[in-house]
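Asker: Let me begin by handing over the structure; questions about it come next.
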Amino acid sequence: MKTKKNTTRTEEFELMVDDIPFFVKATSFQTYTMETQYRVSVNGSPVYIFGWHPVSGKITAIDRGTAASNIPRNVAEAIGDQLHNRMAA
């Protein structure tokens with residue numbers, strides 16, 4: 001019987017958005033549907049969930065309640081781009 005090895009990967013990186021530094025810690029995980037999502041903390045914030053958005057065709061903050069709306073759109077886009085380049089590629 002084959003078993004799926006459940007691995008996580010954590011990356012830490014700094015972004016500059018509109019001349020403001022953001023320190024990001026992101027950990028990948030797989031959902032029960034085998035979709036890769038990311039637990040993301042920005043400047044030590046509580047965790048936000050990022051994942052693939054099929055309509056926009058990119059990784060973005062997933063709206064689960066009001067938490068995702070706390071991240072400015074341009075910051076969420078920059079984080080999504082970095083996640084795609086660093087972890088999803």
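As shown in the structure tokens, the chain order sets the letters A, B, ...; within each chain, residues go from 1, and ligands are also counted from 1 in the order they appear.
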Mind the document's chain letters and residue numbers, and return as a PyMOL selection string the residues of chain A that DSSP labels alpha helix (DSSP H).
Answerer: chain A and resi 73-83
Asker: Which residues come within 10 Å of Ser45 of chain A, counting only C-alpha atoms, excluding same-chain residues fewer than 3 positions away, as a ChimeraX atom specification?
Answerer: /A:23-25,40-42,48
Asker: Would you export the selected residues with C-alpha atoms as a PDB file, in the first residue's frame, please?
Answerer:
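File selection30.pdb, as written:
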ATOM      1  CA  PHE A  23       8.735  40.199   6.831  1.00  0.00           C
ATOM      2  CA  VAL A  24       6.881  37.099   5.690  1.00  0.00           C
ATOM      3  CA  LYS A  25       6.913  33.559   7.065  1.00  0.00           C
ATOM      4  CA  VAL A  40       1.346  33.087   6.044  1.00  0.00           C
ATOM      5  CA  SER A  41       2.334  35.483   8.805  1.00  0.00           C
ATOM      6  CA  VAL A  42       3.209  39.080   7.907  1.00  0.00           C
ATOM      7  CA  TYR A  48      -3.520  34.109   6.895  1.00  0.00           C
TER       8      TYR A  48
END
Asker: With a distance cut-off of 12 Å and only C-alpha atoms, select the neighbouring residues of Arg86 of chain A, excluding the residue or stretch itself and same-chain residues fewer than 6 positions from it, and output the selection as a PyMOL selection string.
Answerer: chain A and resi 9-13+26-28+59+79-80
Asker: Could you take the residues named above and write them with N, CA and C atoms, as a compact mmCIF listing (two decimals), in the first residue's frame?
Answerer:
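And here is the file that came out, selection-v2.txt:
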# COMPACT_ATOMS: atom_id res chain seq x y z
N ARG A 9 6.88 22.83 4.08
CA ARG A 9 8.09 23.58 3.81
C ARG A 9 7.85 25.01 4.28
N THR A 10 8.79 25.56 5.00
CA THR A 10 8.66 26.93 5.50
C THR A 10 9.73 27.80 4.87
N GLU A 11 9.31 28.95 4.43
CA GLU A 11 10.22 29.96 3.88
C GLU A 11 10.00 31.26 4.64
N GLU A 12 11.07 31.99 4.82
CA GLU A 12 11.01 33.34 5.39
C GLU A 12 11.66 34.27 4.39
N PHE A 13 10.99 35.40 4.13
CA PHE A 13 11.54 36.36 3.19
C PHE A 13 11.04 37.76 3.50
N ALA A 26 6.09 31.81 5.60
CA ALA A 26 5.06 31.03 4.91
C ALA A 26 5.38 29.54 5.02
N THR A 27 4.38 28.76 5.39
CA THR A 27 4.51 27.31 5.49
C THR A 27 3.47 26.66 4.60
N SER A 28 3.93 25.81 3.70
CA SER A 28 3.01 25.11 2.81
C SER A 28 2.37 23.93 3.54
N ILE A 59 -1.73 32.80 -6.90
CA ILE A 59 -1.83 32.53 -5.48
C ILE A 59 -2.19 33.84 -4.78
N ILE A 79 3.03 39.02 -1.97
CA ILE A 79 3.26 37.77 -1.25
C ILE A 79 2.91 36.59 -2.15
N GLY A 80 1.77 36.66 -2.83
CA GLY A 80 1.36 35.59 -3.73
C GLY A 80 2.39 35.34 -4.83
Asker: Please report, as a ChimeraX atom specification, each residue of chain A to which DSSP assigns strand (DSSP E) when run on this structure's backbone.
Answerer: /A:10-17,20-30,36-42,48-53,58-61
Asker: Using only C-alpha atoms, please write the residues we just selected to a file, as a PDB file, in the first residue's frame.
Answerer:
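Wrote again-v6.pdb, looks like this:
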ATOM      1  CA  THR A  10       8.663  26.929   5.497  1.00  0.00           C
ATOM      2  CA  GLU A  11      10.218  29.960   3.877  1.00  0.00           C
ATOM      3  CA  GLU A  12      11.007  33.340   5.387  1.00  0.00           C
ATOM      4  CA  PHE A  13      11.543  36.359   3.186  1.00  0.00           C
ATOM      5  CA  GLU A  14      11.412  40.137   3.149  1.00  0.00           C
ATOM      6  CA  LEU A  15       9.403  42.186   0.672  1.00  0.00           C
ATOM      7  CA  MET A  16       9.445  45.888  -0.026  1.00  0.00           C
ATOM      8  CA  VAL A  17       6.051  47.190  -1.130  1.00  0.00           C
ATOM      9  CA  ILE A  20       7.610  49.571   3.323  1.00  0.00           C
ATOM     10  CA  PRO A  21       9.393  46.391   4.468  1.00  0.00           C
ATOM     11  CA  PHE A  22       7.309  43.299   5.174  1.00  0.00           C
ATOM     12  CA  PHE A  23       8.735  40.199   6.831  1.00  0.00           C
ATOM     13  CA  VAL A  24       6.881  37.099   5.690  1.00  0.00           C
ATOM     14  CA  LYS A  25       6.913  33.559   7.065  1.00  0.00           C
ATOM     15  CA  ALA A  26       5.059  31.028   4.914  1.00  0.00           C
ATOM     16  CA  THR A  27       4.513  27.313   5.489  1.00  0.00           C
ATOM     17  CA  SER A  28       3.007  25.112   2.809  1.00  0.00           C
ATOM     18  CA  PHE A  29       0.475  22.391   3.616  1.00  0.00           C
ATOM     19  CA  GLN A  30      -1.923  20.174   1.725  1.00  0.00           C
ATOM     20  CA  THR A  36      -1.362  23.117  -1.667  1.00  0.00           C
ATOM     21  CA  GLN A  37      -2.095  26.134   0.501  1.00  0.00           C
ATOM     22  CA  TYR A  38       0.094  28.337   2.670  1.00  0.00           C
ATOM     23  CA  ARG A  39      -0.059  29.573   6.259  1.00  0.00           C
ATOM     24  CA  VAL A  40       1.346  33.087   6.044  1.00  0.00           C
ATOM     25  CA  SER A  41       2.334  35.483   8.805  1.00  0.00           C
ATOM     26  CA  VAL A  42       3.209  39.080   7.907  1.00  0.00           C
ATOM     27  CA  TYR A  48      -3.520  34.109   6.895  1.00  0.00           C
ATOM     28  CA  ILE A  49      -4.277  31.326   4.430  1.00  0.00           C
ATOM     29  CA  PHE A  50      -3.079  31.753   0.852  1.00  0.00           C
ATOM     30  CA  GLY A  51      -3.989  29.452  -2.006  1.00  0.00           C
ATOM     31  CA  TRP A  52      -4.567  29.181  -5.734  1.00  0.00           C
ATOM     32  CA  HIS A  53      -7.420  31.338  -7.021  1.00  0.00           C
ATOM     33  CA  LYS A  58      -2.530  33.214  -9.120  1.00  0.00           C
ATOM     34  CA  ILE A  59      -1.832  32.531  -5.477  1.00  0.00           C
ATOM     35  CA  THR A  60      -3.651  34.995  -3.238  1.00  0.00           C
ATOM     36  CA  ALA A  61      -5.108  35.425   0.249  1.00  0.00           C
TER      37      ALA A  61
END
Asker: Just how far from atom CA of Tyr32 of chain A is atom CA of Thr7 of chain A, in Å to one decimal?
Answerer: 13.5 Å
